[in-house]
$ cat coords_4.pdb   # PDB, C-alpha atoms
ATOM      1  CA  MET Z  26       0.000   0.000   0.000
ATOM      2  CA  ALA Z  27       2.696   2.425   1.052
ATOM      3  CA  LYS Z  28       4.702   1.749  -2.102
ATOM      4  CA  GLN Z  29       1.858   2.695  -4.463
ATOM      5  CA  ILE Z  30       1.764   6.344  -3.476
ATOM      6  CA  ASN Z  31       3.842   9.237  -4.728
ATOM      7  CA  PRO Z  32       6.326  10.460  -2.133
ATOM      8  CA  THR Z  33       5.706  14.156  -2.831
ATOM      9  CA  ARG Z  34       5.016  17.085  -0.539
ATOM     10  CA  MET Z  35       1.651  17.621  -2.217
ATOM     11  CA  GLU Z  36       0.593  14.054  -1.477
ATOM     12  CA  LEU Z  37       1.826  14.461   2.112
ATOM     13  CA  THR Z  38      -0.268  17.607   2.627
ATOM     14  CA  ARG Z  39      -3.299  15.889   1.103
ATOM     15  CA  LEU Z  40      -2.869  12.820   3.316
ATOM     16  CA  LYS Z  41      -2.402  14.919   6.454
ATOM     17  CA  ARG Z  42      -5.623  16.777   5.658
ATOM     18  CA  ARG Z  43      -7.465  13.488   5.060
ATOM     19  CA  LEU Z  44      -6.112  12.039   8.317
ATOM     20  CA  LYS Z  45      -7.351  15.061  10.240
ATOM     21  CA  THR Z  46     -10.836  14.722   8.713
ATOM     22  CA  ALA Z  47     -10.877  10.941   9.302
ATOM     23  CA  SER Z  48      -9.862  11.345  12.956
ATOM     24  CA  ARG Z  49     -12.540  13.957  13.484
ATOM     25  CA  GLY Z  50     -15.122  11.755  11.716
ATOM     26  CA  HIS Z  51     -14.061   8.796  13.812
ATOM     27  CA  LYS Z  52     -14.552  10.748  17.027
ATOM     28  CA  LEU Z  53     -17.957  12.018  15.903
ATOM     29  CA  LEU Z  54     -19.120   8.570  14.783
ATOM     30  CA  LYS Z  55     -17.905   7.024  18.018
ATOM     31  CA  ASP Z  56     -19.872   9.630  19.995
ATOM     32  CA  LYS Z  57     -22.908   8.959  17.801
ATOM     33  CA  GLN Z  58     -22.575   5.229  18.376
ATOM     34  CA  ASN Z  59     -22.343   5.707  22.151
ATOM     35  CA  GLY Z  60     -25.346   8.028  22.173
ATOM     36  CA  MET Z  61     -27.403   5.636  20.062
ATOM     37  CA  THR Z  62     -26.438   2.658  22.217
ATOM     38  CA  LYS Z  63     -27.578   4.526  25.315
ATOM     39  CA  GLN Z  64     -30.915   5.380  23.695
ATOM     40  CA  PHE Z  65     -31.222   1.833  22.341
ATOM     41  CA  MET Z  66     -30.768   0.266  25.769
ATOM     42  CA  GLU Z  67     -33.518   2.478  27.192
ATOM     43  CA  GLN Z  68     -35.848   1.675  24.302
ATOM     44  CA  ILE Z  69     -35.178  -2.076  24.251
ATOM     45  CA  ARG Z  70     -35.956  -2.367  27.974
ATOM     46  CA  ARG Z  71     -39.187  -0.463  27.388
ATOM     47  CA  ASN Z  72     -39.891  -2.654  24.361
ATOM     48  CA  ARG Z  73     -39.537  -5.827  26.405
ATOM     49  CA  THR Z  74     -41.827  -4.564  29.156
ATOM     50  CA  LEU Z  75     -44.412  -3.364  26.641
ATOM     51  CA  ARG Z  76     -44.233  -6.656  24.734
ATOM     52  CA  GLU Z  77     -44.914  -8.615  27.913
ATOM     53  CA  GLN Z  78     -47.814  -6.325  28.865
ATOM     54  CA  VAL Z  79     -49.371  -6.479  25.382
ATOM     55  CA  GLU Z  80     -48.987 -10.234  25.142
ATOM     56  CA  ALA Z  81     -50.591 -10.780  28.547
ATOM     57  CA  ALA Z  82     -53.458  -8.421  27.682
ATOM     58  CA  LEU Z  83     -53.921 -10.002  24.257
ATOM     59  CA  ALA Z  84     -53.987 -13.495  25.750
ATOM     60  CA  ALA Z  85     -56.670 -12.365  28.190
ATOM     61  CA  ALA Z  86     -58.695 -10.666  25.428
ATOM     62  CA  SER Z  87     -58.292 -13.709  23.216
ATOM     63  CA  GLY Z  88     -59.721 -15.901  25.986
ATOM     64  CA  GLN Z  89     -62.697 -13.557  26.333
ATOM     65  CA  PHE Z  90     -63.268 -13.664  22.564
ATOM     66  CA  ARG Z  91     -63.165 -17.449  22.612
ATOM     67  CA  ALA Z  92     -65.727 -17.468  25.412
ATOM     68  CA  ALA Z  93     -67.921 -15.036  23.461
ATOM     69  CA  SER Z  94     -67.513 -17.113  20.311
ATOM     70  CA  SER Z  95     -68.558 -20.303  22.083
ATOM     71  CA  SER Z  96     -71.602 -18.679  23.635
ATOM     72  CA  MET Z  97     -72.912 -16.808  20.573
ATOM     73  CA  GLY Z  98     -71.314 -18.592  17.606
ATOM     74  CA  GLU Z  99     -68.454 -17.525  15.344
ATOM     75  CA  PRO Z 100     -70.482 -16.110  12.415
ATOM     76  CA  GLU Z 101     -72.488 -13.863  14.750
ATOM     77  CA  LEU Z 102     -69.296 -12.692  16.435
ATOM     78  CA  TYR Z 103     -67.721 -11.691  13.095
ATOM     79  CA  GLU Z 104     -70.961 -10.000  12.108
ATOM     80  CA  ALA Z 105     -70.961  -7.977  15.336
ATOM     81  CA  LEU Z 106     -67.372  -6.859  14.770
ATOM     82  CA  MET Z 107     -67.730  -6.239  11.044
ATOM     83  CA  LEU Z 108     -68.783  -2.635  11.427
ATOM     84  CA  PRO Z 109     -66.299  -0.640  13.514
ATOM     85  CA  ALA Z 110     -67.625   1.768  16.143
ATOM     86  CA  GLY Z 111     -65.519   4.539  14.627
ATOM     87  CA  GLU Z 112     -62.087   5.302  13.375
ATOM     88  CA  VAL Z 113     -59.207   5.471  15.788
ATOM     89  CA  GLY Z 114     -57.265   8.710  15.693
ATOM     90  CA  ILE Z 115     -53.532   8.201  15.423
ATOM     91  CA  THR Z 116     -51.210  11.018  14.505
ATOM     92  CA  GLY Z 117     -47.879  10.016  13.125
ATOM     93  CA  GLY Z 118     -44.864  12.300  13.384
ATOM     94  CA  VAL Z 119     -41.137  11.883  13.270
ATOM     95  CA  ASN Z 120     -38.668  11.856  16.148
ATOM     96  CA  ASN Z 121     -34.980  12.588  15.683
ATOM     97  CA  VAL Z 122     -32.769  10.244  17.698
ATOM     98  CA  MET Z 123     -29.090  10.985  16.921
ATOM     99  CA  SER Z 124     -30.050  11.890  13.345
ATOM    100  CA  VAL Z 125     -32.106   8.710  12.925
ATOM    101  CA  GLN Z 126     -35.660   9.548  11.911
ATOM    102  CA  THR Z 127     -37.851   7.352  14.107
ATOM    103  CA  PRO Z 128     -41.666   7.315  14.229
ATOM    104  CA  LYS Z 129     -43.589   9.179  16.900
ATOM    105  CA  LEU Z 130     -47.208   8.191  17.432
ATOM    106  CA  THR Z 131     -49.900  10.073  19.288
ATOM    107  CA  SER Z 132     -53.066   8.117  19.910
ATOM    108  CA  ASP Z 133     -56.296   9.781  20.999
ATOM    109  CA  GLY Z 134     -57.016   6.854  23.330
ATOM    110  CA  GLY Z 135     -58.826   4.565  20.894
ATOM    111  CA  LEU Z 136     -62.524   3.845  20.756
ATOM    112  CA  SER Z 137     -62.992   3.955  24.519
ATOM    113  CA  GLY Z 138     -66.366   2.784  25.766
ATOM    114  CA  THR Z 139     -68.072   2.447  22.387
ATOM    115  CA  LEU Z 140     -69.495  -0.851  21.236
ATOM    116  CA  PRO Z 141     -69.945  -1.384  17.508
ATOM    117  CA  TYR Z 142     -73.123  -3.516  17.798
ATOM    118  CA  SER Z 143     -76.501  -3.669  19.450
ATOM    119  CA  PHE Z 144     -76.913  -5.694  22.622
ATOM    120  CA  ALA Z 145     -79.584  -7.911  21.068
ATOM    121  CA  GLY Z 146     -78.038 -11.129  19.822
ATOM    122  CA  THR Z 147     -74.606 -10.646  21.358
ATOM    123  CA  SER Z 148     -73.234 -12.164  24.533
ATOM    124  CA  PRO Z 149     -71.994 -10.170  27.556
ATOM    125  CA  GLU Z 150     -68.575 -11.842  27.176
ATOM    126  CA  LEU Z 151     -68.185 -10.045  23.861
ATOM    127  CA  ASP Z 152     -68.754  -6.653  25.537
ATOM    128  CA  SER Z 153     -65.916  -7.202  27.987
ATOM    129  CA  ALA Z 154     -63.693  -8.622  25.218
ATOM    130  CA  VAL Z 155     -64.290  -5.583  22.991
ATOM    131  CA  LEU Z 156     -63.730  -3.184  25.873
ATOM    132  CA  SER Z 157     -60.433  -4.856  26.797
ATOM    133  CA  MET Z 158     -59.286  -4.614  23.171
ATOM    134  CA  THR Z 159     -60.162  -0.899  22.984
ATOM    135  CA  ARG Z 160     -58.303  -0.292  26.242
ATOM    136  CA  LEU Z 161     -55.326  -2.164  24.790
ATOM    137  CA  PHE Z 162     -55.066  -0.025  21.653
ATOM    138  CA  PRO Z 163     -52.941   2.854  23.074
ATOM    139  CA  LEU Z 164     -50.533   0.228  24.410
ATOM    140  CA  LEU Z 165     -50.361  -1.396  20.974
ATOM    141  CA  CYS Z 166     -49.500   1.995  19.445
ATOM    142  CA  GLU Z 167     -46.805   2.540  22.051
ATOM    143  CA  LEU Z 168     -45.384  -0.912  21.339
ATOM    144  CA  ALA Z 169     -45.401  -0.271  17.579
ATOM    145  CA  GLU Z 170     -43.517   3.013  18.034
ATOM    146  CA  CYS Z 171     -41.009   1.513  20.468
ATOM    147  CA  GLU Z 172     -40.367  -1.632  18.460
ATOM    148  CA  LYS Z 173     -39.817   0.270  15.225
ATOM    149  CA  THR Z 174     -37.455   2.676  17.007
ATOM    150  CA  CYS Z 175     -35.488  -0.327  18.320
ATOM    151  CA  ASP Z 176     -35.334  -1.900  14.852
ATOM    152  CA  MET Z 177     -34.113   1.339  13.292
ATOM    153  CA  LEU Z 178     -31.595   2.067  16.049
ATOM    154  CA  ALA Z 179     -30.195  -1.497  15.935
ATOM    155  CA  ALA Z 180     -29.679  -1.235  12.168
ATOM    156  CA  GLU Z 181     -28.092   2.212  12.463
ATOM    157  CA  ILE Z 182     -25.821   1.169  15.360
ATOM    158  CA  GLU Z 183     -24.597  -1.792  13.334
ATOM    159  CA  LYS Z 184     -23.901   0.473  10.345
ATOM    160  CA  THR Z 185     -22.134   3.080  12.492
ATOM    161  CA  ARG Z 186     -20.073   0.406  14.248
ATOM    162  CA  ARG Z 187     -18.812  -0.841  10.880
ATOM    163  CA  ARG Z 188     -17.870   2.697   9.863
ATOM    164  CA  VAL Z 189     -16.095   3.337  13.176
ATOM    165  CA  ASN Z 190     -14.203   0.039  12.871
ATOM    166  CA  ALA Z 191     -13.246   0.719   9.258
ATOM    167  CA  LEU Z 192     -11.915   4.153  10.216
ATOM    168  CA  GLU Z 193     -10.181   2.942  13.355
ATOM    169  CA  HIS Z 194      -8.594  -0.238  12.044
ATOM    170  CA  VAL Z 195      -8.141   0.344   8.317
ATOM    171  CA  MET Z 196      -8.296   3.928   7.080
ATOM    172  CA  ILE Z 197      -6.493   5.804   9.861
ATOM    173  CA  PRO Z 198      -3.626   3.258  10.255
ATOM    174  CA  ASP Z 199      -3.224   3.152   6.447
ATOM    175  CA  MET Z 200      -3.008   6.918   6.223
ATOM    176  CA  GLU Z 201      -0.557   7.088   9.126
ATOM    177  CA  LYS Z 202       1.576   4.438   7.431
ATOM    178  CA  ASN Z 203       1.532   6.368   4.137
ATOM    179  CA  ILE Z 204       2.384   9.650   5.876
ATOM    180  CA  LYS Z 205       5.289   7.936   7.616
ATOM    181  CA  PHE Z 206       6.463   6.464   4.304
ATOM    182  CA  ILE Z 207       6.330   9.845   2.509
ATOM    183  CA  THR Z 208       8.052  11.640   5.411
ATOM    184  CA  MET Z 209      10.832   9.055   5.487
ATOM    185  CA  LYS Z 210      11.231   9.172   1.715
ATOM    186  CA  LEU Z 211      11.402  12.982   1.740
ATOM    187  CA  GLU Z 212      13.931  12.957   4.590
ATOM    188  CA  ASP Z 213      15.949  10.380   2.693
ATOM    189  CA  ASN Z 214      15.909  12.551  -0.430
ATOM    190  CA  GLU Z 215      16.995  15.509   1.687
ATOM    191  CA  ARG Z 216      19.893  13.525   3.139
ATOM    192  CA  GLN Z 217      20.905  12.378  -0.342
ATOM    193  CA  ASN Z 218      20.868  15.983  -1.486
ATOM    194  CA  ILE Z 219      23.002  17.162   1.429
ATOM    195  CA  THR Z 220      25.505  14.345   0.829
ATOM    196  CA  ARG Z 221      25.627  15.275  -2.845
ATOM    197  CA  LEU Z 222      26.232  18.924  -2.001
ATOM    198  CA  MET Z 223      28.971  18.013   0.476
ATOM    199  CA  LYS Z 224      30.603  15.819  -2.150
ATOM    200  CA  VAL Z 225      30.418  18.606  -4.759
ATOM    201  CA  LYS Z 226      31.892  21.047  -2.246
ATOM    202  CA  THR Z 227      34.795  18.636  -1.527
ATOM    203  CA  VAL Z 228      35.423  18.168  -5.272
ATOM    204  CA  ILE Z 229      35.441  21.967  -5.834
ATOM    205  CA  ASN Z 230      37.764  22.527  -2.830
ATOM    206  CA  ASP Z 231      40.124  19.796  -4.028
ATOM    207  CA  ARG Z 232      40.669  21.482  -7.413
TER
ATOM    208  CA  MET Y  26     -44.816  16.691   9.133
ATOM    209  CA  GLU Y  27     -47.486  15.168  11.392
ATOM    210  CA  LYS Y  28     -50.224  13.268   9.606
ATOM    211  CA  LYS Y  29     -53.225  11.124  10.430
ATOM    212  CA  ILE Y  30     -52.515   7.448  10.010
ATOM    213  CA  LYS Y  31     -54.572   4.293  10.197
ATOM    214  CA  ALA Y  32     -53.845   0.886  11.669
ATOM    215  CA  ALA Y  33     -54.304  -2.489  10.007
ATOM    216  CA  VAL Y  34     -53.744  -6.094  10.942
ATOM    217  CA  ILE Y  35     -52.853  -8.843   8.485
ATOM    218  CA  GLY Y  36     -53.383 -12.498   9.240
ATOM    219  CA  ASP Y  37     -55.816 -15.364   9.204
ATOM    220  CA  LYS Y  38     -59.147 -13.571   9.609
ATOM    221  CA  SER Y  39     -60.455 -16.059  12.153
ATOM    222  CA  ARG Y  40     -57.405 -15.542  14.374
ATOM    223  CA  VAL Y  41     -56.982 -11.768  14.175
ATOM    224  CA  ALA Y  42     -60.651 -10.728  14.105
ATOM    225  CA  MET Y  43     -60.418  -9.516  17.703
ATOM    226  CA  TYR Y  44     -58.247  -6.569  16.558
ATOM    227  CA  ALA Y  45     -61.292  -5.213  14.732
ATOM    228  CA  ALA Y  46     -62.779  -4.414  18.149
ATOM    229  CA  ALA Y  47     -59.956  -1.928  18.756
ATOM    230  CA  GLY Y  48     -60.676  -0.088  15.497
ATOM    231  CA  VAL Y  49     -57.897  -1.805  13.567
ATOM    232  CA  ALA Y  50     -58.777  -2.770   9.987
ATOM    233  CA  VAL Y  51     -58.494  -6.516   9.456
ATOM    234  CA  PHE Y  52     -57.039  -7.869   6.195
ATOM    235  CA  HIS Y  53     -57.041 -11.533   5.428
ATOM    236  CA  ALA Y  54     -53.802 -12.854   3.948
ATOM    237  CA  THR Y  55     -51.908 -15.955   4.940
ATOM    238  CA  GLU Y  56     -49.520 -16.511   2.046
ATOM    239  CA  ARG Y  57     -46.168 -14.727   1.884
ATOM    240  CA  HIS Y  58     -46.816 -13.586  -1.668
ATOM    241  CA  ASP Y  59     -50.204 -12.032  -0.770
ATOM    242  CA  VAL Y  60     -48.822 -10.302   2.325
ATOM    243  CA  LEU Y  61     -45.884  -8.762   0.454
ATOM    244  CA  LYS Y  62     -48.280  -7.558  -2.249
ATOM    245  CA  LEU Y  63     -50.746  -6.158   0.263
ATOM    246  CA  ILE Y  64     -48.268  -4.084   2.289
ATOM    247  CA  PRO Y  65     -47.382  -1.482  -0.409
ATOM    248  CA  GLU Y  66     -51.123  -1.076  -1.100
ATOM    249  CA  LEU Y  67     -51.852  -0.482   2.587
ATOM    250  CA  ASP Y  68     -48.912   1.912   2.802
ATOM    251  CA  SER Y  69     -50.255   4.016  -0.059
ATOM    252  CA  ASP Y  70     -53.743   3.937   1.519
ATOM    253  CA  GLY Y  71     -52.401   5.680   4.640
ATOM    254  CA  TYR Y  72     -51.989   2.697   6.929
ATOM    255  CA  GLY Y  73     -48.972   3.762   8.976
ATOM    256  CA  ILE Y  74     -49.182   0.879  11.440
ATOM    257  CA  ILE Y  75     -49.421  -2.655  10.123
ATOM    258  CA  PHE Y  76     -49.610  -5.509  12.600
ATOM    259  CA  ILE Y  77     -48.896  -8.942  11.151
ATOM    260  CA  SER Y  78     -49.640 -12.146  13.001
ATOM    261  CA  GLU Y  79     -46.433 -13.793  14.183
ATOM    262  CA  PRO Y  80     -46.340 -16.976  12.038
ATOM    263  CA  ILE Y  81     -46.959 -14.959   8.870
ATOM    264  CA  TYR Y  82     -44.415 -12.282   9.841
ATOM    265  CA  ALA Y  83     -41.806 -15.027  10.356
ATOM    266  CA  GLU Y  84     -42.461 -16.262   6.818
ATOM    267  CA  CYS Y  85     -42.139 -12.818   5.218
ATOM    268  CA  GLU Y  86     -39.344 -11.425   7.394
ATOM    269  CA  ASP Y  87     -36.756 -11.024   4.633
ATOM    270  CA  GLY Y  88     -39.274  -9.258   2.381
ATOM    271  CA  LEU Y  89     -40.049  -6.737   5.141
ATOM    272  CA  LYS Y  90     -36.441  -5.695   5.775
ATOM    273  CA  LYS Y  91     -36.610  -2.803   3.324
ATOM    274  CA  TYR Y  92     -39.186  -1.075   5.553
ATOM    275  CA  THR Y  93     -36.680  -0.895   8.439
ATOM    276  CA  ALA Y  94     -34.924   2.086   6.878
ATOM    277  CA  VAL Y  95     -38.030   4.331   6.854
ATOM    278  CA  PRO Y  96     -40.110   5.436   9.851
ATOM    279  CA  TYR Y  97     -43.439   4.542   8.176
ATOM    280  CA  PRO Y  98     -45.098   2.094   7.757
ATOM    281  CA  ILE Y  99     -44.446   0.521  11.137
ATOM    282  CA  ILE Y 100     -44.688  -3.229  10.614
ATOM    283  CA  ILE Y 101     -44.538  -5.370  13.744
ATOM    284  CA  PRO Y 102     -45.487  -8.936  14.608
ATOM    285  CA  VAL Y 103     -48.334  -9.491  17.034
ATOM    286  CA  PRO Y 104     -49.425 -12.748  18.580
ATOM    287  CA  ASP Y 105     -52.602 -14.252  17.188
ATOM    288  CA  GLU Y 106     -54.832 -16.726  18.991
ATOM    289  CA  ASN Y 107     -52.456 -19.647  18.457
ATOM    290  CA  SER Y 108     -48.949 -18.199  18.860
ATOM    291  CA  ASP Y 109     -47.148 -17.889  22.169
ATOM    292  CA  GLY Y 110     -45.066 -14.761  21.521
ATOM    293  CA  SER Y 111     -41.724 -16.556  21.456
ATOM    294  CA  TYR Y 112     -40.954 -15.211  17.983
ATOM    295  CA  SER Y 113     -41.244 -11.584  19.161
ATOM    296  CA  LYS Y 114     -39.018 -12.288  22.153
ATOM    297  CA  ARG Y 115     -36.422 -13.788  19.823
ATOM    298  CA  ARG Y 116     -36.655 -10.689  17.633
ATOM    299  CA  ILE Y 117     -35.896  -8.442  20.618
ATOM    300  CA  ALA Y 118     -32.897 -10.631  21.505
ATOM    301  CA  GLU Y 119     -31.681 -10.470  17.890
ATOM    302  CA  ASN Y 120     -31.934  -6.683  17.915
ATOM    303  CA  VAL Y 121     -29.831  -6.520  21.099
ATOM    304  CA  LYS Y 122     -27.275  -8.860  19.542
ATOM    305  CA  LYS Y 123     -27.171  -6.756  16.390
ATOM    306  CA  ALA Y 124     -26.669  -3.499  18.268
ATOM    307  CA  ILE Y 125     -24.495  -4.513  21.205
ATOM    308  CA  GLY Y 126     -22.765  -7.611  19.875
ATOM    309  CA  SER Y 127     -24.153 -10.050  22.434
ATOM    310  CA  ASP Y 128     -27.497 -10.611  24.098
ATOM    311  CA  ILE Y 129     -26.913  -8.912  27.427
ATOM    312  CA  ILE Y 130     -30.566  -8.509  28.423
TER
END
$ encode --input "coords_4.pdb" --output "structure tokens"
Amino acid sequence: MAKQINPTRMELTRLKRRLKTASRGHKLLKDKQNGMTKQFMEQIRRNRTLREQVEAALAAASGQFRAASSSMGEPELYEALMLPAGEVGITGGVNNVMSVQTPKLTSDGGLSGTLPYSFAGTSPELDSAVLSMTRLFPLLCELAECEKTCDMLAAEIEKTRRRVNALEHVMIPDMEKNIKFITMKLEDNERQNITRLMKVKTVINDR
Amino acid sequence: MEKKIKAAVIGDKSRVAMYAAAGVAVFHATERHDVLKLIPELDSDGYGIIFISEPIYAECEDGLKKYTAVPYPIIIPVPDENSDGSYSKRRIAENVKKAIGSDII
């Protein structure tokens, strides 16, 4: 690698400038990686807790739906749920976490307390099942936001780590090696020149 | 930048019907090909959150990777009536491994 470059002052200046930029970039990327890891750890812990909560709540709701289905029949249950009680209001924005654009959701609380069917022909188990699902919706939104943030941060951390490693273990050492090679070559040339001059001086003096 | 978004769930209709009670639109698709075709349509229809039942998400995982780079649509696996949630737990562990290097949680 070192032998492929031109040992000139221009190349040396260019390499020194590149090394300075690379070192600064390395420091910035390392800081970014640390910041993202910190955020990631917070989010992943929240993600795990939310996941457990949602799964427990969904299992409970699923049990209630099964009970409702067995007491009123599956076709009637689907018919009751076919027409939603309304549309849930979710506003989606963007959050900036260490220059990673992550989603930010604001839910208006879901369809709280509204049942999409008449009480005639439906079982009371269905009412409680529907109400538990509507109560669960804000939690589902929170989980969606958190899980996506974790996915995005994990991908970005991996990418940043590769960049940091490439800078730290390949680019910066290579540049330092090249700078050393050019400096040594230039010093060598300088020494050769001085020796030549001394020799010329001796020859002139000897005449 | 803020916009109104809708939520949808994809899966076997008989297993994910309960999500309809929460105001989430239910779409029936069980084959990988159908799911991957349905997602861009839902995305263009303003569905910013797409829940997919766990077994189907596991099948389509590689096809959903391209959505990781953009904040919307948010596509996450959710347990249906038959799954136990182990797939989602494994996903969390994989994310930790990807970011930190080893599963420390």
$ residues_around --input "coords_4.pdb" --residues "Ile100 of chain Y" --least-positions-apart "5" --cutoff "12 Å" --atoms "only C-alpha atoms" --output "count of residues only"
41
$ atom_distance --input "coords_4.pdb" --atom1 "atom CA of Ser48 of chain Z" --atom2 "atom CA of Met196 of chain Z"
9.6 Å
$ atom_distance --input "coords_4.pdb" --atom1 "atom CA of Ile30 of chain Z" --atom2 "atom CA of Ile204 of chain Z"
9.9 Å
$ interface_residues --input "coords_4.pdb" --of "chain Y" --to "chain Z" --cutoff "10 Å" --atoms "all atoms listed in the file" --output "VMD selection string"
chain Y and resid 26 to 32 38 to 51 73 to 76 90 92 to 110 113 to 114 116 to 126 130
$ atom_distance --input "coords_4.pdb" --atom1 "atom CA of His194 of chain Z" --atom2 "atom CA of Leu40 of chain Z"
16.7 Å
$ closest_residue --input "coords_4.pdb" --among "Z:Val122, Z:Leu192, Z:Leu44, Z:Leu37" --to "Gly60 of chain Z" --atoms "all atoms listed in the file"
Z:Val122
$ build_atoms --input "coords_4.pdb" --residues "segment 77-89 of chain Y" --atoms "N, CA and C atoms" --output "mmCIF file, in the frame of the given file"
data_model
loop_
_atom_site.group_PDB
_atom_site.id
_atom_site.type_symbol
_atom_site.label_atom_id
_atom_site.label_comp_id
_atom_site.auth_asym_id
_atom_site.auth_seq_id
_atom_site.Cartn_x
_atom_site.Cartn_y
_atom_site.Cartn_z
ATOM 1 N N ILE Y 77 -48.806 -7.671 11.885
ATOM 2 C CA ILE Y 77 -48.896 -8.942 11.151
ATOM 3 C C ILE Y 77 -48.814 -10.070 12.166
ATOM 4 N N SER Y 78 -49.669 -11.070 12.004
ATOM 5 C CA SER Y 78 -49.640 -12.146 13.001
ATOM 6 C C SER Y 78 -48.299 -12.887 12.908
ATOM 7 N N GLU Y 79 -47.814 -13.288 14.052
ATOM 8 C CA GLU Y 79 -46.433 -13.793 14.183
ATOM 9 C C GLU Y 79 -46.009 -14.865 13.178
ATOM 10 N N PRO Y 80 -46.810 -15.932 12.983
ATOM 11 C CA PRO Y 80 -46.340 -16.976 12.038
ATOM 12 C C PRO Y 80 -46.163 -16.430 10.622
ATOM 13 N N ILE Y 81 -47.049 -15.508 10.231
ATOM 14 C CA ILE Y 81 -46.959 -14.959 8.870
ATOM 15 C C ILE Y 81 -45.775 -13.996 8.769
ATOM 16 N N TYR Y 82 -45.560 -13.211 9.825
ATOM 17 C CA TYR Y 82 -44.415 -12.282 9.841
ATOM 18 C C TYR Y 82 -43.112 -13.069 9.697
ATOM 19 N N ALA Y 83 -43.026 -14.205 10.410
ATOM 20 C CA ALA Y 83 -41.806 -15.027 10.356
ATOM 21 C C ALA Y 83 -41.537 -15.505 8.933
ATOM 22 N N GLU Y 84 -42.612 -15.802 8.206
ATOM 23 C CA GLU Y 84 -42.461 -16.262 6.818
ATOM 24 C C GLU Y 84 -41.968 -15.157 5.892
ATOM 25 N N CYS Y 85 -42.441 -13.922 6.153
ATOM 26 C CA CYS Y 85 -42.139 -12.818 5.218
ATOM 27 C C CYS Y 85 -40.992 -11.937 5.694
ATOM 28 N N GLU Y 86 -40.312 -12.312 6.749
ATOM 29 C CA GLU Y 86 -39.344 -11.425 7.394
ATOM 30 C C GLU Y 86 -38.346 -10.787 6.432
ATOM 31 N N ASP Y 87 -37.766 -11.584 5.540
ATOM 32 C CA ASP Y 87 -36.756 -11.024 4.633
ATOM 33 C C ASP Y 87 -37.360 -10.012 3.661
ATOM 34 N N GLY Y 88 -38.611 -10.198 3.298
ATOM 35 C CA GLY Y 88 -39.274 -9.258 2.381
ATOM 36 C C GLY Y 88 -39.644 -7.951 3.054
ATOM 37 N N LEU Y 89 -39.634 -7.937 4.397
ATOM 38 C CA LEU Y 89 -40.049 -6.737 5.141
ATOM 39 C C LEU Y 89 -38.859 -5.891 5.579
#
